[in-house]
>>> print(open('protein.cif').read())   # mmCIF, C-alpha atoms
data_run
#
loop_
_atom_site.label_atom_id
_atom_site.label_comp_id
_atom_site.auth_asym_id
_atom_site.auth_seq_id
_atom_site.Cartn_x
_atom_site.Cartn_y
_atom_site.Cartn_z
CA MET L 1 0.00 0.00 0.00
CA THR L 2 1.18 3.52 -0.78
CA GLU L 3 0.26 6.76 0.96
CA PHE L 4 1.66 9.43 -1.33
CA ILE L 5 1.14 7.97 -4.81
CA THR L 6 -1.48 5.90 -6.56
CA THR L 7 -0.94 3.29 -9.25
CA GLU L 8 -3.29 1.83 -11.82
CA ARG L 9 -3.00 -0.79 -14.54
CA ARG L 10 -4.81 -0.42 -17.84
CA GLY L 11 -3.87 -3.37 -19.98
CA ASN L 12 -0.14 -3.08 -20.69
CA VAL L 13 -0.02 0.49 -19.33
CA PHE L 14 1.02 1.41 -15.77
CA ILE L 15 -0.22 4.78 -14.49
CA VAL L 16 1.56 6.41 -11.53
CA THR L 17 0.00 9.52 -9.96
CA MET L 18 1.85 11.71 -7.48
CA ASN L 19 -0.87 12.18 -4.90
CA ARG L 20 -0.12 15.06 -2.53
CA PRO L 21 -2.31 17.76 -4.09
CA GLU L 22 -2.48 19.67 -0.80
CA VAL L 23 1.23 20.54 -1.28
CA TYR L 24 1.10 20.62 -5.09
CA ASN L 25 2.55 17.11 -5.25
CA ALA L 26 5.83 18.23 -3.72
CA VAL L 27 8.07 15.24 -3.14
CA HIS L 28 9.61 14.32 0.21
CA PRO L 29 11.75 11.24 1.01
CA PRO L 30 8.84 8.92 1.92
CA MET L 31 7.27 9.73 -1.46
CA HIS L 32 10.61 9.27 -3.25
CA HIS L 33 10.76 5.75 -1.82
CA GLU L 34 7.18 4.96 -2.82
CA MET L 35 7.91 6.09 -6.37
CA HIS L 36 11.11 4.06 -6.45
CA GLY L 37 9.05 1.03 -5.45
CA ALA L 38 6.48 1.74 -8.15
CA TRP L 39 9.16 1.89 -10.85
CA GLU L 40 10.66 -1.35 -9.53
CA GLU L 41 7.23 -2.96 -9.80
CA TYR L 42 6.87 -1.65 -13.35
CA ALA L 43 10.30 -2.94 -14.36
CA ALA L 44 9.67 -6.41 -12.93
CA ASP L 45 6.25 -7.01 -14.51
CA ASP L 46 6.58 -8.41 -18.03
CA SER L 47 2.94 -7.58 -18.76
CA LEU L 48 3.58 -3.82 -18.37
CA TRP L 49 5.10 -2.22 -21.47
CA CYS L 50 4.60 1.52 -20.96
CA ALA L 51 4.01 3.85 -18.01
CA ILE L 52 2.41 7.27 -17.57
CA LEU L 53 3.39 9.63 -14.74
CA THR L 54 1.11 12.49 -13.74
CA GLY L 55 0.09 14.55 -10.72
CA ALA L 56 -3.14 14.67 -8.74
CA GLY L 57 -5.31 17.76 -9.13
CA GLU L 58 -5.46 20.38 -11.86
CA LYS L 59 -2.83 22.86 -10.65
CA ALA L 60 0.42 20.95 -10.33
CA PHE L 61 2.35 18.08 -11.82
CA SER L 62 4.84 18.59 -9.01
CA ALA L 63 6.19 21.58 -7.11
CA GLY L 64 9.48 19.72 -6.72
CA ASN L 65 11.31 19.24 -3.45
CA ASP L 66 9.15 19.59 -0.32
CA LEU L 67 11.06 22.44 1.31
CA LYS L 68 8.66 22.56 4.26
CA TYR L 69 9.52 18.95 5.07
CA THR L 70 13.21 19.81 4.80
CA ALA L 71 12.82 22.93 6.96
CA SER L 72 10.92 20.96 9.60
CA GLY L 73 13.96 18.76 10.15
CA GLY L 74 12.96 15.76 8.06
CA LYS L 75 16.18 13.85 7.53
CA MET L 76 15.09 10.64 5.80
CA LYS L 77 17.33 9.93 2.80
CA GLY L 78 15.88 9.40 -0.65
CA PRO L 79 16.62 6.35 -2.83
CA ASP L 80 19.74 6.00 -4.95
CA SER L 81 17.52 6.09 -8.05
CA GLY L 82 17.18 9.84 -7.59
CA PHE L 83 14.36 12.35 -7.46
CA ALA L 84 11.02 10.56 -7.76
CA GLY L 85 12.96 7.34 -8.27
CA LEU L 86 13.87 8.48 -11.78
CA THR L 87 16.55 11.12 -12.20
CA SER L 88 19.49 8.85 -11.31
CA ASN L 89 18.04 5.66 -12.79
CA PHE L 90 20.17 5.13 -15.89
CA THR L 91 19.33 1.47 -16.51
CA ARG L 92 15.55 1.71 -17.00
CA GLU L 93 14.52 -0.25 -20.10
CA LYS L 94 10.82 0.60 -20.28
CA PRO L 95 9.40 3.94 -21.44
CA ILE L 96 7.63 6.49 -19.27
CA ILE L 97 5.38 9.27 -20.54
CA ALA L 98 5.11 12.40 -18.40
CA ALA L 99 1.58 13.84 -18.51
CA VAL L 100 2.21 17.30 -17.07
CA ASN L 101 -1.12 18.57 -15.81
CA GLY L 102 0.01 21.88 -14.27
CA PHE L 103 3.20 23.52 -13.11
CA ALA L 104 6.39 21.45 -12.92
CA MET L 105 8.93 23.26 -10.78
CA GLY L 106 12.47 22.31 -9.79
CA GLY L 107 12.54 18.61 -9.06
CA GLY L 108 9.11 18.32 -10.67
CA PHE L 109 10.56 19.63 -13.91
CA GLU L 110 13.59 17.36 -13.54
CA THR L 111 11.25 14.40 -13.05
CA ALA L 112 9.31 15.28 -16.20
CA MET L 113 12.53 15.64 -18.21
CA ALA L 114 13.72 12.26 -16.93
CA CYS L 115 10.74 10.64 -18.66
CA ASP L 116 11.02 9.56 -22.29
CA ILE L 117 8.12 11.56 -23.72
CA LEU L 118 6.56 14.70 -22.27
CA ILE L 119 2.98 15.73 -23.01
CA ALA L 120 1.82 18.98 -21.40
CA ALA L 121 -1.55 20.50 -20.68
CA GLU L 122 -2.02 24.02 -22.03
CA ASN L 123 -1.82 25.43 -18.50
CA ALA L 124 1.48 23.72 -17.69
CA THR L 125 4.51 25.83 -16.78
CA PHE L 126 8.11 24.81 -16.22
CA ALA L 127 11.06 26.22 -14.30
CA LEU L 128 14.24 25.40 -12.41
CA PRO L 129 13.82 28.04 -9.68
CA GLU L 130 16.29 26.53 -7.20
CA VAL L 131 18.69 29.49 -7.47
CA LYS L 132 15.97 31.70 -5.96
CA VAL L 133 16.13 29.76 -2.69
CA GLY L 134 19.87 29.17 -2.55
CA PHE L 135 20.00 25.79 -4.33
CA PHE L 136 20.64 24.72 -7.89
CA ALA L 137 19.08 22.04 -10.08
CA ALA L 138 21.25 19.23 -8.77
CA ALA L 139 18.92 16.32 -9.56
CA GLY L 140 19.84 16.35 -13.25
CA GLY L 141 18.23 19.61 -14.27
CA VAL L 142 21.48 21.24 -15.37
CA GLN L 143 22.55 18.18 -17.35
CA MET L 144 19.20 17.39 -18.95
CA LEU L 145 18.18 20.90 -19.91
CA THR L 146 21.52 21.63 -21.58
CA ARG L 147 21.06 18.46 -23.66
CA PHE L 148 17.47 19.17 -24.67
CA VAL L 149 17.57 22.87 -25.64
CA PRO L 150 20.11 25.34 -27.07
CA ARG L 151 22.80 26.11 -24.50
CA LYS L 152 22.05 29.85 -24.17
CA ILE L 153 18.38 29.17 -23.46
CA ALA L 154 19.30 26.53 -20.89
CA ASN L 155 21.84 28.88 -19.30
CA GLU L 156 19.20 31.58 -18.92
CA MET L 157 16.65 29.26 -17.36
CA ILE L 158 19.18 27.71 -14.98
CA LEU L 159 20.77 31.01 -13.91
CA THR L 160 17.58 33.06 -13.55
CA GLY L 161 14.98 30.45 -12.61
CA ARG L 162 12.48 31.99 -15.01
CA HIS L 163 9.23 30.21 -15.84
CA ILE L 164 8.26 29.14 -19.34
CA SER L 165 4.85 28.23 -20.68
CA ALA L 166 3.86 24.94 -22.22
CA ALA L 167 3.84 26.63 -25.63
CA GLU L 168 7.42 27.90 -25.21
CA ALA L 169 8.52 24.51 -23.87
CA LYS L 170 7.12 22.92 -27.05
CA GLU L 171 8.81 25.54 -29.24
CA ILE L 172 12.27 24.96 -27.76
CA GLY L 173 11.97 21.17 -27.78
CA ILE L 174 11.31 20.15 -24.17
CA VAL L 175 7.71 19.09 -24.75
CA ASN L 176 6.47 16.67 -27.40
CA ALA L 177 2.89 17.92 -27.49
CA VAL L 178 0.60 20.49 -25.84
CA VAL L 179 -3.06 19.58 -25.41
CA PRO L 180 -6.10 20.92 -23.54
CA GLN L 181 -5.98 19.89 -19.90
CA SER L 182 -9.28 18.04 -20.24
CA GLY L 183 -7.72 15.81 -22.88
CA LEU L 184 -4.30 15.30 -21.29
CA MET L 185 -4.71 11.74 -20.06
CA ASP L 186 -6.47 10.72 -23.27
CA ALA L 187 -3.48 12.07 -25.21
CA ALA L 188 -1.05 10.26 -22.91
CA MET L 189 -3.01 7.01 -23.25
CA ALA L 190 -3.09 7.42 -27.03
CA LYS L 191 0.70 7.79 -27.06
CA ALA L 192 1.01 4.78 -24.75
CA ALA L 193 -1.17 2.81 -27.19
CA GLU L 194 1.28 3.69 -29.98
CA ILE L 195 4.18 2.44 -27.85
CA THR L 196 2.44 -0.76 -26.75
CA SER L 197 1.54 -1.55 -30.36
CA VAL L 198 5.20 -2.08 -31.26
CA SER L 199 7.65 -4.71 -30.05
CA PRO L 200 8.34 -4.39 -26.31
CA SER L 201 11.60 -6.28 -26.81
CA ALA L 202 12.69 -3.75 -29.44
CA ILE L 203 11.73 -0.92 -27.06
CA LYS L 204 13.94 -2.41 -24.34
CA ALA L 205 16.81 -2.80 -26.80
CA SER L 206 16.42 0.80 -27.93
CA LYS L 207 16.40 1.99 -24.32
CA ARG L 208 19.58 0.05 -23.56
CA VAL L 209 21.40 1.90 -26.34
CA LEU L 210 19.88 5.25 -25.38
CA ASN L 211 20.89 4.74 -21.74
CA ALA L 212 24.47 3.90 -22.68
CA LEU L 213 24.63 6.88 -25.03
CA ASP L 214 23.72 9.12 -22.10
CA THR L 215 26.10 7.55 -19.60
CA GLU L 216 29.15 6.02 -21.22
CA HIS L 217 29.35 5.84 -25.00
CA SER L 218 30.66 8.16 -27.66
CA PHE L 219 28.93 8.06 -31.05
CA ALA L 220 31.32 5.44 -32.40
CA GLU L 221 31.09 3.35 -29.24
CA SER L 222 27.31 3.53 -29.41
CA ILE L 223 27.27 2.18 -32.96
CA GLU L 224 29.39 -0.77 -31.84
CA TYR L 225 27.17 -1.35 -28.81
CA SER L 226 24.10 -1.26 -31.05
CA ARG L 227 25.51 -4.24 -32.93
CA GLU L 228 25.72 -6.19 -29.68
CA VAL L 229 22.19 -5.26 -28.65
CA ILE L 230 20.66 -6.14 -32.02
CA MET L 231 22.30 -9.57 -31.84
CA ASP L 232 20.66 -10.11 -28.45
CA LEU L 233 17.35 -8.89 -29.85
CA ARG L 234 17.53 -11.48 -32.65
CA HIS L 235 17.17 -14.23 -30.03
CA THR L 236 13.83 -12.92 -28.69
CA ASP L 237 10.41 -14.30 -29.53
CA ASP L 238 9.30 -10.79 -30.46
CA PHE L 239 11.99 -10.55 -33.15
CA LYS L 240 10.87 -13.83 -34.71
CA GLU L 241 7.22 -12.78 -34.46
CA GLY L 242 7.85 -9.40 -36.05
CA VAL L 243 9.60 -10.92 -39.06
CA THR L 244 7.03 -13.71 -39.42
CA ALA L 245 4.09 -11.31 -39.15
CA PHE L 246 5.61 -9.06 -41.80
CA VAL L 247 6.05 -11.97 -44.20
CA GLU L 248 2.54 -13.23 -43.47
CA LYS L 249 1.09 -9.71 -43.84
CA ARG L 250 -0.65 -9.72 -40.47
CA ALA L 251 -0.46 -7.73 -37.24
CA PRO L 252 2.22 -9.09 -34.89
CA LYS L 253 1.32 -10.60 -31.54
CA TRP L 254 3.96 -9.34 -29.14
CA VAL L 255 4.84 -11.26 -25.98
CA GLY L 256 7.50 -9.03 -24.44
CA HIS L 257 10.47 -11.39 -24.59
#
>>> encode(input="protein.cif", output="structure tokens")
Amino acid sequence: MTEFITTERRGNVFIVTMNRPEVYNAVHPPMHHEMHGAWEEYAADDSLWCAILTGAGEKAFSAGNDLKYTASGGKMKGPDSGFAGLTSNFTREKPIIAAVNGFAMGGGFETAMACDILIAAENATFALPEVKVGFFAAAGGVQMLTRFVPRKIANEMILTGRHISAAEAKEIGIVNAVVPQSGLMDAAMAKAAEITSVSPSAIKASKRVLNALDTEHSFAESIEYSREVIMDLRHTDDFKEGVTAFVEKRAPKWVGH
């Protein structure tokens, strides 16, 4: 049982909702650990092929770090997997869609960027405002933002903490799509349906290469590693099914291994 998040299964899709709307889904260590556990559950279940992360309520995806908890003397340590169990998890092989239903500040923004695809409601806003309270975006915000957007734009956001709208986030390449808030989860589920319609084994293989590209490989090393991964993929049932279904001109029946 969890106290600070909820989880739901819809077919092959796993939905995780940060559920502290009274503090705009700010994350404190007990919630970090619950989210870490949810992602472990997702990773271990072969019937789950895609996940969606969102926040409870209509105002906030997540306000980030729960500073009131910190100020009150809360000293519990978070998991090694990072903010929300995601920002330091570099071995995750299944995709996560962030459905950003309101503002995503600080660690909330870092959590959204740590997901594979980001869909935002029209009212969503984003910022790394840590410098305004004497911190900086140490949970991956500096590293991720400078990879996703032009360096000068990232510098400005990191050094001033300014907020950007969902429309600007889409324009500069942080957000994949902006939709009306009333249709956010439908849009996220539609994207999840696209992902779960393709080979889950191929998704895992792609994620392995993407992870290594982020953490250890140069371009040339990544090409070589891709050769290793594709050879592993050739031994999966999904690979055989995909080729057979193509030849037989029918829709493939994926099994996830």
>>> residues_around(input="protein.cif", residues="L:Ile5", least_positions_apart="5", cutoff="7 Å", atoms="all atoms listed in the file", output="JSON, numbers by chain")
{"L": [16, 17, 18, 19]}
>>> resolve_selection(input="protein.cif", expression="the PyMOL selection byres ((chain L and resi 205) around 8)", output="list of chain:residue names")
L:Glu93, L:Ser201, L:Ala202, L:Ile203, L:Lys204, L:Ser206, L:Lys207, L:Arg208, L:Val209, L:Val229, L:Ile230, L:Leu233
>>> resolve_selection(input="protein.cif", expression="the PyMOL selection byres ((chain L and resi 33) around 8)", output="list of chain:residue names")
L:Pro29, L:Pro30, L:Met31, L:His32, L:Glu34, L:Met35, L:His36, L:Gly37, L:Gly78, L:Pro79, L:Ala84, L:Gly85
>>> closest_residue(input="protein.cif", among="L:Phe219, L:Arg227, L:Pro150, L:Val100", to="L:Ala166", atoms="all atoms listed in the file")
L:Val100
>>> axis_aligned_box(input="protein.cif", around="stretch 86-93 of chain L", padding_each_side="4 Å", output="JSON")
{"center_x": 17.0, "center_y": 5.4, "center_z": -15.7, "size_x": 14.3, "size_y": 19.4, "size_z": 16.8}
>>> closest_residue(input="protein.cif", among="L:Phe246, L:Phe61, L:Phe14, L:Tyr69", to="L:Ser47", atoms="all atoms listed in the file")
L:Phe14
>>> resolve_selection(input="protein.cif", expression="the PyMOL selection byres ((chain L and resi 143) around 12)", output="PDB file with C-alpha atoms, in the coordinates of the input")
ATOM      1  CA  THR L  87      16.550  11.120 -12.200  1.00  0.00           C
ATOM      2  CA  SER L  88      19.490   8.850 -11.310  1.00  0.00           C
ATOM      3  CA  GLU L 110      13.590  17.360 -13.540  1.00  0.00           C
ATOM      4  CA  MET L 113      12.530  15.640 -18.210  1.00  0.00           C
ATOM      5  CA  ALA L 114      13.720  12.260 -16.930  1.00  0.00           C
ATOM      6  CA  PHE L 136      20.640  24.720  -7.890  1.00  0.00           C
ATOM      7  CA  ALA L 137      19.080  22.040 -10.080  1.00  0.00           C
ATOM      8  CA  ALA L 138      21.250  19.230  -8.770  1.00  0.00           C
ATOM      9  CA  ALA L 139      18.920  16.320  -9.560  1.00  0.00           C
ATOM     10  CA  GLY L 140      19.840  16.350 -13.250  1.00  0.00           C
ATOM     11  CA  GLY L 141      18.230  19.610 -14.270  1.00  0.00           C
ATOM     12  CA  VAL L 142      21.480  21.240 -15.370  1.00  0.00           C
ATOM     13  CA  MET L 144      19.200  17.390 -18.950  1.00  0.00           C
ATOM     14  CA  LEU L 145      18.180  20.900 -19.910  1.00  0.00           C
ATOM     15  CA  THR L 146      21.520  21.630 -21.580  1.00  0.00           C
ATOM     16  CA  ARG L 147      21.060  18.460 -23.660  1.00  0.00           C
ATOM     17  CA  PHE L 148      17.470  19.170 -24.670  1.00  0.00           C
ATOM     18  CA  VAL L 149      17.570  22.870 -25.640  1.00  0.00           C
ATOM     19  CA  ARG L 151      22.800  26.110 -24.500  1.00  0.00           C
ATOM     20  CA  ALA L 154      19.300  26.530 -20.890  1.00  0.00           C
ATOM     21  CA  ASN L 155      21.840  28.880 -19.300  1.00  0.00           C
ATOM     22  CA  ILE L 158      19.180  27.710 -14.980  1.00  0.00           C
ATOM     23  CA  ASP L 214      23.720   9.120 -22.100  1.00  0.00           C
ATOM     24  CA  THR L 215      26.100   7.550 -19.600  1.00  0.00           C
TER      25      THR L 215
END
>>> residues_around(input="protein.cif", residues="L:Pro200", least_positions_apart="4", cutoff="10 Å", atoms="all atoms listed in the file", output="PyMOL selection string")
chain L and resi 46-50+93-95+195-196+204-206+238-239+254-257
>>> atom_distance(input="protein.cif", atom1="atom CA of L:Val198", atom2="atom CA of L:Ile117")
15.9 Å
>>> atom_distance(input="protein.cif", atom1="atom CA of L:Ile174", atom2="atom CA of L:Gly11")
28.3 Å
>>> closest_residue(input="protein.cif", among="L:Val131, L:Ala38, L:Ile119, L:Val27", to="L:Ala190", atoms="only C-alpha atoms")
L:Ile119
>>> atom_distance(input="protein.cif", atom1="atom CA of L:Thr160", atom2="atom CA of L:Gly102")
20.8 Å
>>> closest_residue(input="protein.cif", among="L:Tyr42, L:Phe103, L:Phe4, L:Phe126", to="L:Gln181", atoms="only C-alpha atoms")
L:Phe103
>>> closest_residue(input="protein.cif", among="L:Ala192, L:Met1, L:Leu213, L:Ile172", to="L:Thr91", atoms="all atoms listed in the file")
L:Leu213
>>> closest_residue(input="protein.cif", among="L:Phe83, L:Glu122, L:Asn25, L:Ala193", to="L:Val179", atoms="only C-alpha atoms")
L:Glu122
>>> decode(input="protein.cif", residues="stretch 176-232 of chain L", atoms="C-alpha atoms", output="PDB file, in the first residue's frame")
ATOM      1  CA  ASN L 176       6.471  16.665 -27.403  1.00  0.00           C
ATOM      2  CA  ALA L 177       2.885  17.921 -27.491  1.00  0.00           C
ATOM      3  CA  VAL L 178       0.597  20.485 -25.843  1.00  0.00           C
ATOM      4  CA  VAL L 179      -3.060  19.575 -25.412  1.00  0.00           C
ATOM      5  CA  PRO L 180      -6.098  20.925 -23.541  1.00  0.00           C
ATOM      6  CA  GLN L 181      -5.985  19.889 -19.897  1.00  0.00           C
ATOM      7  CA  SER L 182      -9.282  18.038 -20.243  1.00  0.00           C
ATOM      8  CA  GLY L 183      -7.716  15.809 -22.880  1.00  0.00           C
ATOM      9  CA  LEU L 184      -4.299  15.303 -21.286  1.00  0.00           C
ATOM     10  CA  MET L 185      -4.715  11.745 -20.056  1.00  0.00           C
ATOM     11  CA  ASP L 186      -6.471  10.723 -23.267  1.00  0.00           C
ATOM     12  CA  ALA L 187      -3.483  12.070 -25.205  1.00  0.00           C
ATOM     13  CA  ALA L 188      -1.055  10.255 -22.913  1.00  0.00           C
ATOM     14  CA  MET L 189      -3.009   7.012 -23.251  1.00  0.00           C
ATOM     15  CA  ALA L 190      -3.088   7.425 -27.031  1.00  0.00           C
ATOM     16  CA  LYS L 191       0.700   7.787 -27.065  1.00  0.00           C
ATOM     17  CA  ALA L 192       1.009   4.781 -24.752  1.00  0.00           C
ATOM     18  CA  ALA L 193      -1.170   2.814 -27.187  1.00  0.00           C
ATOM     19  CA  GLU L 194       1.278   3.691 -29.976  1.00  0.00           C
ATOM     20  CA  ILE L 195       4.180   2.437 -27.852  1.00  0.00           C
ATOM     21  CA  THR L 196       2.444  -0.762 -26.750  1.00  0.00           C
ATOM     22  CA  SER L 197       1.535  -1.551 -30.361  1.00  0.00           C
ATOM     23  CA  VAL L 198       5.200  -2.080 -31.257  1.00  0.00           C
ATOM     24  CA  SER L 199       7.652  -4.706 -30.050  1.00  0.00           C
ATOM     25  CA  PRO L 200       8.344  -4.393 -26.305  1.00  0.00           C
ATOM     26  CA  SER L 201      11.597  -6.282 -26.814  1.00  0.00           C
ATOM     27  CA  ALA L 202      12.686  -3.753 -29.439  1.00  0.00           C
ATOM     28  CA  ILE L 203      11.727  -0.924 -27.062  1.00  0.00           C
ATOM     29  CA  LYS L 204      13.940  -2.414 -24.340  1.00  0.00           C
ATOM     30  CA  ALA L 205      16.807  -2.798 -26.796  1.00  0.00           C
ATOM     31  CA  SER L 206      16.424   0.803 -27.926  1.00  0.00           C
ATOM     32  CA  LYS L 207      16.400   1.991 -24.323  1.00  0.00           C
ATOM     33  CA  ARG L 208      19.583   0.049 -23.559  1.00  0.00           C
ATOM     34  CA  VAL L 209      21.397   1.898 -26.335  1.00  0.00           C
ATOM     35  CA  LEU L 210      19.878   5.255 -25.377  1.00  0.00           C
ATOM     36  CA  ASN L 211      20.893   4.743 -21.745  1.00  0.00           C
ATOM     37  CA  ALA L 212      24.466   3.900 -22.676  1.00  0.00           C
ATOM     38  CA  LEU L 213      24.631   6.876 -25.032  1.00  0.00           C
ATOM     39  CA  ASP L 214      23.718   9.122 -22.096  1.00  0.00           C
ATOM     40  CA  THR L 215      26.104   7.552 -19.603  1.00  0.00           C
ATOM     41  CA  GLU L 216      29.146   6.019 -21.223  1.00  0.00           C
ATOM     42  CA  HIS L 217      29.352   5.836 -24.996  1.00  0.00           C
ATOM     43  CA  SER L 218      30.659   8.158 -27.665  1.00  0.00           C
ATOM     44  CA  PHE L 219      28.926   8.062 -31.046  1.00  0.00           C
ATOM     45  CA  ALA L 220      31.319   5.443 -32.396  1.00  0.00           C
ATOM     46  CA  GLU L 221      31.091   3.346 -29.236  1.00  0.00           C
ATOM     47  CA  SER L 222      27.306   3.531 -29.406  1.00  0.00           C
ATOM     48  CA  ILE L 223      27.271   2.180 -32.960  1.00  0.00           C
ATOM     49  CA  GLU L 224      29.389  -0.769 -31.839  1.00  0.00           C
ATOM     50  CA  TYR L 225      27.170  -1.354 -28.812  1.00  0.00           C
ATOM     51  CA  SER L 226      24.096  -1.261 -31.050  1.00  0.00           C
ATOM     52  CA  ARG L 227      25.507  -4.236 -32.927  1.00  0.00           C
ATOM     53  CA  GLU L 228      25.724  -6.193 -29.676  1.00  0.00           C
ATOM     54  CA  VAL L 229      22.190  -5.259 -28.652  1.00  0.00           C
ATOM     55  CA  ILE L 230      20.659  -6.139 -32.016  1.00  0.00           C
ATOM     56  CA  MET L 231      22.296  -9.572 -31.841  1.00  0.00           C
ATOM     57  CA  ASP L 232      20.656 -10.113 -28.454  1.00  0.00           C
TER      58      ASP L 232
END
